[in-house]
$ cat model.cif   # mmCIF, C-alpha atoms
data_entry
#
loop_
_atom_site.label_atom_id
_atom_site.label_comp_id
_atom_site.auth_asym_id
_atom_site.auth_seq_id
_atom_site.Cartn_x
_atom_site.Cartn_y
_atom_site.Cartn_z
CA MET A 1 -51.77 -4.79 53.36
CA THR A 2 -52.29 -2.51 56.43
CA SER A 3 -56.05 -2.94 56.65
CA PHE A 4 -55.75 -6.71 56.15
CA ARG A 5 -53.15 -7.01 58.94
CA ASP A 6 -55.22 -4.83 61.33
CA GLU A 7 -58.29 -6.94 60.72
CA ARG A 8 -56.39 -10.17 61.51
CA VAL A 9 -54.91 -8.65 64.70
CA GLN A 10 -58.38 -7.70 65.91
CA ARG A 11 -59.57 -11.29 65.43
CA TRP A 12 -56.70 -12.91 67.37
CA VAL A 13 -57.49 -13.55 71.07
CA GLY A 14 -55.12 -14.23 73.94
CA PHE A 15 -51.49 -13.62 74.72
CA GLY A 16 -50.34 -16.41 72.36
CA ALA A 17 -51.23 -14.31 69.31
CA VAL A 18 -48.74 -11.54 70.15
CA PRO A 19 -45.46 -13.52 69.63
CA VAL A 20 -46.87 -15.17 66.55
CA LEU A 21 -47.67 -11.76 65.11
CA ALA A 22 -44.15 -10.51 65.93
CA VAL A 23 -42.57 -13.41 64.10
CA VAL A 24 -44.75 -12.85 61.03
CA LEU A 25 -43.97 -9.11 60.94
CA GLY A 26 -40.24 -9.72 61.32
CA ILE A 27 -40.16 -12.11 58.38
CA ALA A 28 -42.14 -9.66 56.25
CA VAL A 29 -39.74 -6.80 57.03
CA ALA A 30 -36.68 -8.91 56.21
CA VAL A 31 -38.09 -10.05 52.90
CA ALA A 32 -39.22 -6.57 51.92
CA SER A 33 -35.77 -5.11 52.63
CA SER A 34 -34.00 -7.58 50.31
CA PRO A 35 -32.92 -6.01 46.94
CA ALA A 36 -33.59 -9.28 45.21
CA SER A 37 -37.11 -9.36 46.54
CA LEU A 38 -37.68 -5.79 45.39
CA THR A 39 -36.61 -6.71 41.88
CA ARG A 40 -38.81 -9.79 41.91
CA GLY A 41 -41.67 -7.63 43.16
CA GLN A 42 -41.25 -5.23 40.25
CA HIS A 43 -41.33 -8.09 37.78
CA ALA A 44 -44.44 -9.50 39.39
CA LEU A 45 -46.15 -6.13 39.03
CA GLY A 46 -45.18 -5.90 35.39
CA SER A 47 -42.39 -3.28 35.75
CA PRO A 48 -39.52 -3.61 33.22
CA ALA A 49 -36.29 -5.26 34.25
CA PRO A 50 -33.20 -3.01 34.48
CA ILE A 51 -31.58 -2.58 31.00
CA GLN A 52 -27.98 -1.61 30.31
CA ALA A 53 -27.88 1.60 28.25
CA SER A 54 -26.79 1.03 24.65
CA PRO A 55 -23.60 2.84 23.56
CA SER A 56 -24.90 3.17 19.99
CA PRO A 57 -24.38 6.74 18.69
CA SER A 58 -27.63 6.54 16.77
CA VAL A 59 -29.65 6.58 20.03
CA ALA A 60 -29.72 9.97 21.72
CA ALA A 61 -29.25 9.90 25.49
CA SER A 62 -30.85 13.33 25.95
CA PRO A 63 -34.20 14.73 24.76
CA SER A 64 -34.45 15.81 21.14
CA PRO A 65 -33.34 19.40 20.57
CA PRO A 66 -36.03 21.98 19.83
CA THR A 67 -37.11 22.48 16.27
CA VAL A 68 -34.76 24.88 14.51
CA THR A 69 -36.31 28.15 13.43
CA GLU A 70 -33.60 29.57 11.18
CA PRO A 71 -31.59 28.17 8.24
CA GLY A 72 -28.07 27.03 9.07
CA ILE A 73 -25.05 29.19 8.38
CA LEU A 74 -24.50 27.77 4.87
CA GLY A 75 -27.87 29.01 3.61
CA GLY A 76 -29.26 27.69 0.34
CA GLY A 77 -27.34 25.72 -2.27
CA PRO A 78 -24.57 24.31 -0.04
CA HIS A 79 -22.24 21.43 -0.89
CA LEU A 80 -19.97 19.07 1.04
CA VAL A 81 -16.57 17.47 0.45
CA ALA A 82 -15.48 14.50 2.57
CA ALA A 83 -11.88 13.49 3.25
CA GLY A 84 -11.87 10.30 5.29
CA SER A 85 -14.40 9.43 7.97
CA THR A 86 -13.47 12.32 10.28
CA SER A 87 -12.76 15.26 7.94
CA LEU A 88 -15.50 17.23 6.23
CA ALA A 89 -15.69 20.58 4.44
CA ALA A 90 -18.97 22.44 3.93
CA PHE A 91 -19.46 25.33 1.52
CA GLY A 92 -22.04 28.06 1.13
CA PRO A 93 -22.03 31.38 -0.72
CA ASN A 94 -18.89 33.20 0.44
CA LEU A 95 -18.48 30.92 3.47
CA ALA A 96 -16.68 27.65 4.16
CA ALA A 97 -16.53 25.47 7.27
CA ALA A 98 -14.44 22.40 8.00
CA SER A 99 -13.79 19.90 10.76
CA ALA A 100 -10.89 17.46 10.85
CA ASP A 101 -11.79 15.81 14.17
CA GLY A 102 -15.12 14.16 13.57
CA GLY A 103 -17.22 17.29 14.02
CA LYS A 104 -15.95 18.19 17.50
CA THR A 105 -14.44 21.52 16.38
CA TRP A 106 -15.03 23.62 13.27
CA THR A 107 -13.17 26.38 11.51
CA ILE A 108 -15.38 28.93 9.76
CA LEU A 109 -13.80 30.89 6.88
CA ARG A 110 -15.26 34.01 5.34
CA PRO A 111 -13.39 35.88 2.63
CA PRO A 112 -11.71 39.16 3.56
CA SER A 113 -12.96 42.51 2.34
CA LYS A 114 -13.46 42.76 -1.46
CA ALA A 115 -12.60 39.07 -1.95
CA VAL A 116 -15.02 36.66 -3.63
CA GLY A 117 -15.54 32.98 -2.87
CA VAL A 118 -13.66 30.75 -0.49
CA ALA A 119 -12.39 27.16 -0.39
CA ILE A 120 -11.04 25.33 2.66
CA ASP A 121 -8.78 22.31 3.15
CA PRO A 122 -10.91 19.47 4.62
CA GLY A 123 -7.87 17.81 6.17
CA ASN A 124 -6.42 20.99 7.67
CA PRO A 125 -9.15 23.63 8.19
CA SER A 126 -6.63 26.33 9.10
CA ARG A 127 -5.71 26.54 5.37
CA GLY A 128 -7.96 28.15 2.79
CA ILE A 129 -8.01 30.29 -0.35
CA THR A 130 -10.19 33.08 -1.65
CA GLY A 131 -10.56 34.86 -4.98
CA GLY A 132 -11.76 38.05 -6.63
CA ASN A 133 -9.35 40.43 -8.30
CA ASN A 134 -6.50 38.42 -6.82
CA ILE A 135 -5.93 35.19 -4.91
CA GLN A 136 -5.34 35.27 -1.17
CA VAL A 137 -4.28 32.48 1.18
CA THR A 138 -4.76 31.89 4.91
CA LEU A 139 -2.75 29.48 7.05
CA ASP A 140 -4.34 30.40 10.37
CA GLY A 141 -8.06 29.88 9.88
CA GLY A 142 -8.72 33.34 8.46
CA GLY A 143 -6.81 35.27 11.09
CA SER A 144 -4.65 36.71 8.32
CA TRP A 145 -4.62 36.57 4.52
CA LYS A 146 -1.72 37.06 2.13
CA SER A 147 -0.90 36.70 -1.56
CA PRO A 148 0.51 33.39 -2.80
CA VAL A 149 4.26 33.01 -3.33
CA THR A 150 3.88 33.56 -7.08
CA ALA A 151 1.22 35.67 -8.78
CA PRO A 152 -1.19 33.54 -10.85
CA PRO A 153 -1.71 34.10 -14.58
CA GLY A 154 -4.49 36.48 -15.58
CA PRO A 155 -7.08 37.52 -16.22
CA ALA A 156 -9.04 38.11 -13.01
CA ALA A 157 -11.51 37.54 -11.50
CA TYR A 158 -10.62 34.27 -9.77
CA GLN A 159 -13.26 31.92 -8.38
CA PRO A 160 -12.09 29.17 -5.99
CA LEU A 161 -13.45 25.71 -6.81
CA LEU A 162 -11.72 23.24 -4.52
CA VAL A 163 -8.79 22.53 -2.24
CA SER A 164 -7.95 18.90 -2.96
CA PRO A 165 -9.03 16.46 -0.23
CA PHE A 166 -6.07 14.31 -1.34
CA ASP A 167 -3.44 17.03 -0.84
CA GLY A 168 -4.01 20.47 0.69
CA ALA A 169 -1.31 22.06 -1.50
CA ILE A 170 -3.40 21.43 -4.65
CA TRP A 171 -5.92 24.15 -5.47
CA PHE A 172 -8.34 24.60 -8.36
CA LEU A 173 -9.86 27.92 -9.42
CA VAL A 174 -11.66 29.30 -12.47
CA HIS A 175 -10.71 32.52 -14.25
CA GLY A 176 -11.67 33.77 -17.69
CA GLY A 177 -13.44 30.47 -18.41
CA LYS A 178 -10.22 28.50 -17.72
CA LEU A 179 -9.40 25.95 -15.05
CA LEU A 180 -6.40 27.13 -13.01
CA ARG A 181 -4.38 24.77 -10.83
CA THR A 182 -1.44 24.83 -8.48
CA ARG A 183 0.17 21.69 -7.06
CA ASP A 184 2.53 23.44 -4.64
CA ALA A 185 0.38 25.92 -2.69
CA GLY A 186 0.80 28.78 -5.12
CA GLN A 187 4.47 28.58 -6.03
CA THR A 188 3.68 27.56 -9.61
CA TRP A 189 0.46 27.74 -11.66
CA ARG A 190 -0.98 26.14 -14.74
CA ASP A 191 -4.09 26.70 -16.86
CA ILE A 192 -5.40 23.21 -17.67
CA GLY A 193 -5.72 22.73 -21.43
CA GLY A 194 -8.05 20.49 -23.39
CA LEU A 195 -11.19 22.03 -21.92
CA PRO A 196 -13.92 24.23 -23.38
CA ALA A 197 -14.74 27.60 -21.82
CA LEU A 198 -16.12 26.75 -18.41
CA ASN A 199 -19.59 27.85 -17.33
CA ASN A 200 -20.72 27.15 -13.74
CA PRO A 201 -18.36 24.17 -13.47
CA VAL A 202 -18.76 21.33 -10.98
CA LEU A 203 -15.54 19.66 -9.77
CA VAL A 204 -15.53 16.54 -7.56
CA PRO A 205 -12.84 14.09 -6.36
CA GLY A 206 -12.58 10.76 -8.17
CA GLN A 207 -11.84 7.20 -7.14
CA VAL A 208 -8.04 7.41 -6.81
CA PHE A 209 -5.46 9.91 -5.60
CA GLY A 210 -5.21 12.91 -7.92
CA GLN A 211 -8.29 12.01 -9.98
CA PHE A 212 -11.14 14.47 -10.42
CA TYR A 213 -14.26 14.77 -12.55
CA LEU A 214 -15.28 18.09 -14.04
CA GLY A 215 -18.69 19.01 -15.42
CA SER A 216 -19.50 22.19 -17.34
CA GLY A 217 -22.79 22.52 -19.15
CA GLY A 218 -23.51 19.02 -20.40
CA SER A 219 -19.82 18.19 -20.95
CA LEU A 220 -17.81 16.00 -18.59
CA PHE A 221 -14.10 15.33 -18.22
CA GLU A 222 -11.81 13.17 -16.16
CA LEU A 223 -8.71 14.88 -14.78
CA VAL A 224 -5.84 12.44 -14.28
CA ASP A 225 -2.92 13.29 -11.99
CA ASN A 226 -4.49 16.57 -10.92
CA GLY A 227 -5.10 17.65 -14.50
CA GLN A 228 -1.86 16.57 -16.11
CA GLN A 229 -4.09 14.59 -18.44
CA VAL A 230 -7.67 15.43 -19.48
CA LEU A 231 -9.99 12.71 -20.78
CA ALA A 232 -13.39 13.57 -22.26
CA GLN A 233 -16.35 11.60 -20.91
CA PRO A 234 -19.77 11.08 -22.54
CA SER A 235 -21.92 14.22 -22.37
CA LEU A 236 -25.25 14.15 -20.59
CA PRO A 237 -28.04 13.26 -23.03
CA GLY A 238 -30.83 15.60 -24.05
CA GLY A 239 -28.86 18.84 -23.99
CA VAL A 240 -29.10 19.20 -20.19
CA SER A 241 -26.39 20.54 -17.89
CA VAL A 242 -24.68 19.06 -14.84
CA ASN A 243 -25.99 20.48 -11.57
CA ALA A 244 -24.37 17.95 -9.22
CA LEU A 245 -21.89 15.13 -9.65
CA ALA A 246 -20.46 12.27 -7.57
CA ALA A 247 -17.97 9.49 -8.29
CA VAL A 248 -19.19 5.94 -7.65
CA GLY A 249 -16.85 3.31 -6.24
CA GLY A 250 -16.91 -0.36 -7.14
CA GLY A 251 -19.07 -2.12 -9.68
CA GLN A 252 -19.40 -0.91 -13.25
CA ALA A 253 -20.74 2.61 -12.63
CA THR A 254 -18.43 5.62 -12.74
CA LEU A 255 -20.51 8.73 -12.03
CA VAL A 256 -23.94 9.79 -10.86
CA ALA A 257 -25.22 13.20 -11.97
CA ARG A 258 -28.16 15.43 -11.18
CA ALA A 259 -29.14 17.19 -14.40
CA SER A 260 -30.53 20.69 -14.84
CA ASN A 261 -33.95 19.22 -15.68
CA GLY A 262 -34.03 17.43 -12.32
CA GLY A 263 -33.29 14.01 -13.78
CA LEU A 264 -30.82 11.58 -12.26
CA GLN A 265 -28.29 9.88 -14.56
CA LEU A 266 -25.76 7.09 -14.01
CA LEU A 267 -22.65 6.63 -16.17
CA THR A 268 -22.05 2.89 -16.65
CA ARG A 269 -19.64 1.39 -19.16
CA GLY A 270 -19.34 4.70 -20.97
CA ALA A 271 -23.09 5.36 -21.37
CA TRP A 272 -25.56 7.44 -19.37
CA THR A 273 -28.79 5.81 -18.23
CA PRO A 274 -31.62 7.48 -16.30
CA LEU A 275 -32.36 6.46 -12.73
CA THR A 276 -35.75 6.58 -11.10
CA ALA A 277 -35.58 7.92 -7.54
CA ALA A 278 -38.41 9.30 -5.48
CA LEU A 279 -36.35 12.27 -4.25
CA SER A 280 -35.11 15.16 -6.36
CA GLY A 281 -32.46 16.81 -4.16
CA PRO A 282 -28.69 16.41 -3.69
CA VAL A 283 -26.75 13.29 -4.69
CA ALA A 284 -23.70 11.42 -3.40
CA ALA A 285 -22.06 8.04 -3.89
CA GLY A 286 -19.76 5.66 -2.08
CA ALA A 287 -18.05 2.31 -2.32
CA ASN A 288 -19.60 -0.84 -3.79
CA GLY A 289 -22.04 0.98 -6.05
CA ILE A 290 -23.70 3.00 -3.27
CA VAL A 291 -25.82 5.93 -4.47
CA VAL A 292 -27.83 8.24 -2.18
CA VAL A 293 -30.23 11.11 -2.89
CA GLY A 294 -31.81 13.66 -0.56
CA ASP A 295 -35.09 15.52 -0.57
CA GLY A 296 -33.78 19.10 -0.79
CA GLY A 297 -36.29 21.93 -0.88
CA THR A 298 -34.74 24.30 1.72
CA LYS A 299 -37.51 23.77 4.26
CA LEU A 300 -37.76 23.81 8.05
CA GLY A 301 -40.37 21.97 10.05
CA VAL A 302 -40.59 18.97 7.74
CA PRO A 303 -38.84 15.57 8.07
CA ALA A 304 -35.58 15.01 6.25
CA GLN A 305 -35.49 12.21 3.69
CA VAL A 306 -32.72 10.21 2.06
CA ALA A 307 -33.13 7.31 -0.36
CA TYR A 308 -30.23 4.89 -0.74
CA SER A 309 -29.34 2.20 -3.25
CA PHE A 310 -26.77 -0.57 -2.89
CA ASP A 311 -27.06 -1.69 -6.51
CA GLY A 312 -26.29 1.41 -8.54
CA GLY A 313 -29.81 2.82 -8.46
CA SER A 314 -31.76 -0.28 -9.54
CA THR A 315 -33.65 -0.40 -6.23
CA TRP A 316 -34.12 2.23 -3.53
CA ARG A 317 -34.92 2.19 0.18
CA SER A 318 -35.69 4.93 2.71
CA ALA A 319 -33.09 5.82 5.33
CA VAL A 320 -33.76 6.15 9.05
CA GLY A 321 -32.39 8.37 11.81
CA LEU A 322 -32.58 11.75 10.05
CA PRO A 323 -33.98 14.92 11.68
CA TYR A 324 -37.70 15.57 11.82
CA ASP A 325 -37.50 19.31 11.24
CA GLN A 326 -35.24 20.16 8.24
CA THR A 327 -34.65 18.95 4.70
CA VAL A 328 -31.36 17.50 3.42
CA GLU A 329 -29.58 20.08 1.26
CA ALA A 330 -26.17 18.49 0.61
CA LEU A 331 -24.64 15.02 0.65
CA ALA A 332 -21.07 13.75 0.43
CA GLY A 333 -19.39 10.38 0.18
CA GLN A 334 -16.18 8.83 -1.13
CA PRO A 335 -15.75 6.05 -3.67
CA SER A 336 -13.62 4.04 -1.23
CA SER A 337 -15.91 4.33 1.78
CA THR A 338 -19.40 3.53 3.07
CA THR A 339 -19.34 6.63 5.31
CA LEU A 340 -21.62 9.42 4.09
CA PHE A 341 -22.50 12.90 5.33
CA ALA A 342 -25.62 15.04 5.06
CA TYR A 343 -26.04 18.77 5.66
CA CYS A 344 -29.58 19.72 6.65
CA TYR A 345 -31.21 23.11 6.11
CA GLY A 346 -31.25 24.03 9.79
CA GLY A 347 -27.47 23.56 10.01
CA ASP A 348 -27.37 20.05 11.47
CA VAL A 349 -24.86 17.62 9.98
CA TYR A 350 -25.63 13.89 10.04
CA ALA A 351 -23.39 10.91 9.25
CA SER A 352 -24.00 7.35 8.12
CA ALA A 353 -21.46 4.54 8.45
CA ASP A 354 -23.53 1.95 6.57
CA GLY A 355 -23.90 3.45 3.13
CA GLY A 356 -26.85 5.71 3.90
CA ALA A 357 -29.22 3.22 5.51
CA SER A 358 -29.10 4.75 9.02
CA TRP A 359 -27.97 8.16 10.21
CA SER A 360 -27.01 9.88 13.46
CA VAL A 361 -26.00 13.39 14.48
CA TYR A 362 -22.46 14.36 13.48
CA SER A 363 -22.54 18.01 14.53
CA ARG A 364 -24.94 20.87 15.27
CA ALA A 365 -22.18 23.49 15.13
CA LEU A 366 -23.37 24.94 11.81
CA ARG A 367 -26.71 26.13 13.15
CA ASN A 368 -27.42 29.83 13.34
CA ARG A 369 -27.59 30.98 16.94
CA ALA A 370 -31.22 31.89 16.46
CA GLY A 371 -31.87 28.21 15.65
#
$ encode --input "model.cif" --output "C-alpha cells"
Amino acid sequence: MTSFRDERVQRWVGFGAVPVLAVVLGIAVAVASSPASLTRGQHALGSPAPIQASPSPSVAASPSPPTVTEPGILGGGPHLVAAGSTSLAAFGPNLAAASADGGKTWTILRPPSKAVGVAIDPGNPSRGITGGNNIQVTLDGGGSWKSPVTAPPGPAAYQPLLVSPFDGAIWFLVHGGKLLRTRDAGQTWRDIGGLPALNNPVLVPGQVFGQFYLGSGGSLFELVDNGQQVLAQPSLPGGVSVNALAAVGGGQATLVARASNGGLQLLTRGAWTPLTAALSGPVAAGANGIVVVGDGGTKLGVPAQVAYSFDGGSTWRSAVGLPYDQTVEALAGQPSSTTLFAYCYGGDVYASADGGASWSVYSRALRNRAG
C-alpha cells in the first residue's frame, strides 16, 4: 500500500492534489481503525472467525501433559470399584485410594506395620480396613488404626476383599478359605455358609442394594442381602477360573467374566456364552447391557484402548478420548449407570459418561511423582 500511494502522489501535479490526498488518507485511517472492518479484513484474508471456547470436559484447554515415564501408584493388577458418578475406589497390592468428590481430592491408604491388604470405603475414603494376623480399622484416612469393637472369629490370617459401596459399615474378608462379613462395622461377625473353600475369590457389587456376586475358581454365587442368602450360579465352562467379573444392568445378561484362559464369557438366561472382543484386558459393565473391555498389558508409551458394546457383546466399537501413552489396566461401572471409569498404567484415571464411547481425564492424582 505504501509504495502504491507514494507513486500516485508523485504523479499528482498542482495544489489541488493536496486536499484530495488528505481526504483520501483520512477516510482510509477511519476505516482501518474500525473493529468491524478489521474483522471483515481477517475474513477476506482467510483468517478464521472468532469461536467461543467449548465448555466440554473432553477437550483439554491446556497442552497435553508429558508422556509418563513411571507406572502409577497402584502398580500392576489393580482394580476399581465405583459408587455413584463421583465416588471411586482404586486398589493395588497393599494400597488403596479413593475419591468421593469427583477426583478432586484423594485419600491414599497403606496398611500399618505387619498388616496385610487394605480395603477403603468409596463413599467415605477416611474409613478403611486392613488384615493380617488381626483386623484393624481406620476412621481418619490412615492417621490411626485400631481393632474392631468385637474380635472376629478365627483363624487368621485375614484378607480384606471389599468395603460395600452400598453401605460403608459392611465389610467382606477371607480367612481360612471362608467368607467373613460384618454388617455393623465390626460389632458382630458372620462366616457366610453355603460356599466351598475360597481360592483367590473375586467379589463385585450386583444390580441392587446388598447384592453381590462371588467367583472362586470356576464357581460363581449370588449373595442376597449381603450374604444372608447364597444362590449358586452356573460355573464357567471348560474348567477355567474367574479372573475378573462385572454385573450387567438391563437386558437379559447378568454377568460378564474374564476367564483364566483369557476368554470373555457372558451369563445370559442362566447360561454362559463366549464373546468375541478384540481386546484381552480388564472388563466392566453398566446399564442397558453395556459391556466394556480394555487392552491391559501394563505398558507405557503406547495408546490406551477400550472396546465398548451396547448390545451385550454382539457388536463392538472403539472408544475415543483415552491417553496416548499408557494402557488401560482396570475398569469399573455400575449396573444402574452409564458412567464408567478406567485406570491407566501411568496412574491417570479417565471417565466416560456415555457408556464407554468417549472418555476424558478424571484425575492424574495417582501418578508417581517421577511420572
$ resolve_selection --input "model.cif" --expression "the PyMOL selection byres ((chain A and resi 90) around 6)" --output "JSON, numbers by chain"
{"A": [79, 80, 89, 91, 96, 97]}
$ resolve_selection --input "model.cif" --expression "the PyMOL selection byres ((chain A and resi 248-250) around 7)" --output "NGL selection string"
:A and (207 or 246-247 or 251-256 or 285-290 or 335-336)
$ closest_residue --input "model.cif" --among "A:Val163, A:Ala284, A:Ile108, A:Leu179" --to "Gly141 of chain A" --atoms "all atoms listed in the file"
A:Ile108
$ resolve_selection --input "model.cif" --expression "the PyMOL selection byres ((chain A and resi 139) around 6)" --output "VMD selection string"
chain A and resid 126 to 127 138 140
$ residues_near_point --input "model.cif" --point "(-33.7, 14.4, 9.0)" --cutoff "10 Å" --atoms "only C-alpha atoms" --output "MDAnalysis selection string"
chainID A and resid 294:295 302:306 319:328 342:346 348:350 359:361
$ residues_around --input "model.cif" --residues "Asp191 of chain A" --least-positions-apart "2" --cutoff "12 Å" --atoms "all atoms listed in the file" --output "PyMOL selection string"
chain A and resi 152-155+171-183+188-189+193-195+197+226-228
$ residues_around --input "model.cif" --residues "segment 208-223 of chain A" --least-positions-apart "4" --cutoff "10 Å" --atoms "all atoms listed in the file" --output "PDB file with C-alpha atoms, keeping the file's coordinate frame"
ATOM      1  CA  SER A 164      -7.950  18.900  -2.960  1.00  0.00           C
ATOM      2  CA  PRO A 165      -9.030  16.460  -0.230  1.00  0.00           C
ATOM      3  CA  PHE A 166      -6.070  14.310  -1.340  1.00  0.00           C
ATOM      4  CA  ASP A 167      -3.440  17.030  -0.840  1.00  0.00           C
ATOM      5  CA  ILE A 170      -3.400  21.430  -4.650  1.00  0.00           C
ATOM      6  CA  LEU A 179      -9.400  25.950 -15.050  1.00  0.00           C
ATOM      7  CA  ILE A 192      -5.400  23.210 -17.670  1.00  0.00           C
ATOM      8  CA  GLY A 194      -8.050  20.490 -23.390  1.00  0.00           C
ATOM      9  CA  LEU A 195     -11.190  22.030 -21.920  1.00  0.00           C
ATOM     10  CA  PRO A 196     -13.920  24.230 -23.380  1.00  0.00           C
ATOM     11  CA  ALA A 197     -14.740  27.600 -21.820  1.00  0.00           C
ATOM     12  CA  LEU A 198     -16.120  26.750 -18.410  1.00  0.00           C
ATOM     13  CA  ASN A 199     -19.590  27.850 -17.330  1.00  0.00           C
ATOM     14  CA  ASN A 200     -20.720  27.150 -13.740  1.00  0.00           C
ATOM     15  CA  PRO A 201     -18.360  24.170 -13.470  1.00  0.00           C
ATOM     16  CA  VAL A 202     -18.760  21.330 -10.980  1.00  0.00           C
ATOM     17  CA  LEU A 203     -15.540  19.660  -9.770  1.00  0.00           C
ATOM     18  CA  VAL A 204     -15.530  16.540  -7.560  1.00  0.00           C
ATOM     19  CA  GLY A 227      -5.100  17.650 -14.500  1.00  0.00           C
ATOM     20  CA  GLN A 228      -1.860  16.570 -16.110  1.00  0.00           C
ATOM     21  CA  GLN A 229      -4.090  14.590 -18.440  1.00  0.00           C
ATOM     22  CA  VAL A 230      -7.670  15.430 -19.480  1.00  0.00           C
ATOM     23  CA  LEU A 231      -9.990  12.710 -20.780  1.00  0.00           C
ATOM     24  CA  ALA A 232     -13.390  13.570 -22.260  1.00  0.00           C
ATOM     25  CA  GLN A 233     -16.350  11.600 -20.910  1.00  0.00           C
ATOM     26  CA  PRO A 234     -19.770  11.080 -22.540  1.00  0.00           C
ATOM     27  CA  SER A 235     -21.920  14.220 -22.370  1.00  0.00           C
ATOM     28  CA  LEU A 236     -25.250  14.150 -20.590  1.00  0.00           C
ATOM     29  CA  PRO A 237     -28.040  13.260 -23.030  1.00  0.00           C
ATOM     30  CA  GLY A 238     -30.830  15.600 -24.050  1.00  0.00           C
ATOM     31  CA  GLY A 239     -28.860  18.840 -23.990  1.00  0.00           C
ATOM     32  CA  VAL A 240     -29.100  19.200 -20.190  1.00  0.00           C
ATOM     33  CA  SER A 241     -26.390  20.540 -17.890  1.00  0.00           C
ATOM     34  CA  VAL A 242     -24.680  19.060 -14.840  1.00  0.00           C
ATOM     35  CA  ASN A 243     -25.990  20.480 -11.570  1.00  0.00           C
ATOM     36  CA  ALA A 244     -24.370  17.950  -9.220  1.00  0.00           C
ATOM     37  CA  LEU A 245     -21.890  15.130  -9.650  1.00  0.00           C
ATOM     38  CA  ALA A 246     -20.460  12.270  -7.570  1.00  0.00           C
ATOM     39  CA  ALA A 247     -17.970   9.490  -8.290  1.00  0.00           C
ATOM     40  CA  GLY A 249     -16.850   3.310  -6.240  1.00  0.00           C
ATOM     41  CA  LEU A 255     -20.510   8.730 -12.030  1.00  0.00           C
ATOM     42  CA  ALA A 257     -25.220  13.200 -11.970  1.00  0.00           C
ATOM     43  CA  ALA A 259     -29.140  17.190 -14.400  1.00  0.00           C
ATOM     44  CA  SER A 260     -30.530  20.690 -14.840  1.00  0.00           C
ATOM     45  CA  PRO A 335     -15.750   6.050  -3.670  1.00  0.00           C
ATOM     46  CA  SER A 336     -13.620   4.040  -1.230  1.00  0.00           C
TER      47      SER A 336
END
$ decode --input "model.cif" --residues "segment 75-87 of chain A" --atoms "N, CA and C atoms" --output "compact mmCIF listing (two decimals), in the first residue's frame"
# COMPACT_ATOMS: atom_id res chain seq x y z
N GLY A 75 0.48 -49.77 40.57
CA GLY A 75 1.29 -50.86 40.02
C GLY A 75 0.49 -51.77 39.11
N GLY A 76 0.92 -53.03 39.03
CA GLY A 76 0.25 -54.00 38.18
C GLY A 76 -0.91 -54.66 38.88
N GLY A 77 -1.87 -55.15 38.09
CA GLY A 77 -3.02 -55.87 38.64
C GLY A 77 -3.96 -55.06 39.49
N PRO A 78 -4.25 -53.80 39.18
CA PRO A 78 -5.16 -53.02 40.01
C PRO A 78 -6.62 -53.36 39.72
N HIS A 79 -7.54 -52.89 40.56
CA HIS A 79 -8.96 -52.95 40.24
C HIS A 79 -9.67 -51.75 40.83
N LEU A 80 -10.85 -51.46 40.29
CA LEU A 80 -11.64 -50.29 40.66
C LEU A 80 -13.01 -50.71 41.16
N VAL A 81 -13.58 -49.89 42.05
CA VAL A 81 -14.96 -50.05 42.50
C VAL A 81 -15.60 -48.67 42.46
N ALA A 82 -16.71 -48.54 41.73
CA ALA A 82 -17.41 -47.27 41.61
C ALA A 82 -18.61 -47.25 42.55
N ALA A 83 -18.89 -46.07 43.08
CA ALA A 83 -20.08 -45.86 43.92
C ALA A 83 -20.68 -44.53 43.52
N GLY A 84 -21.59 -44.54 42.57
CA GLY A 84 -22.12 -43.30 42.04
C GLY A 84 -21.17 -42.72 41.00
N SER A 85 -21.52 -41.54 40.49
CA SER A 85 -20.73 -40.92 39.43
C SER A 85 -19.57 -40.10 39.95
N THR A 86 -19.48 -39.90 41.28
CA THR A 86 -18.42 -39.07 41.83
C THR A 86 -17.56 -39.78 42.86
N SER A 87 -17.83 -41.05 43.16
CA SER A 87 -17.06 -41.78 44.17
C SER A 87 -16.42 -43.00 43.53
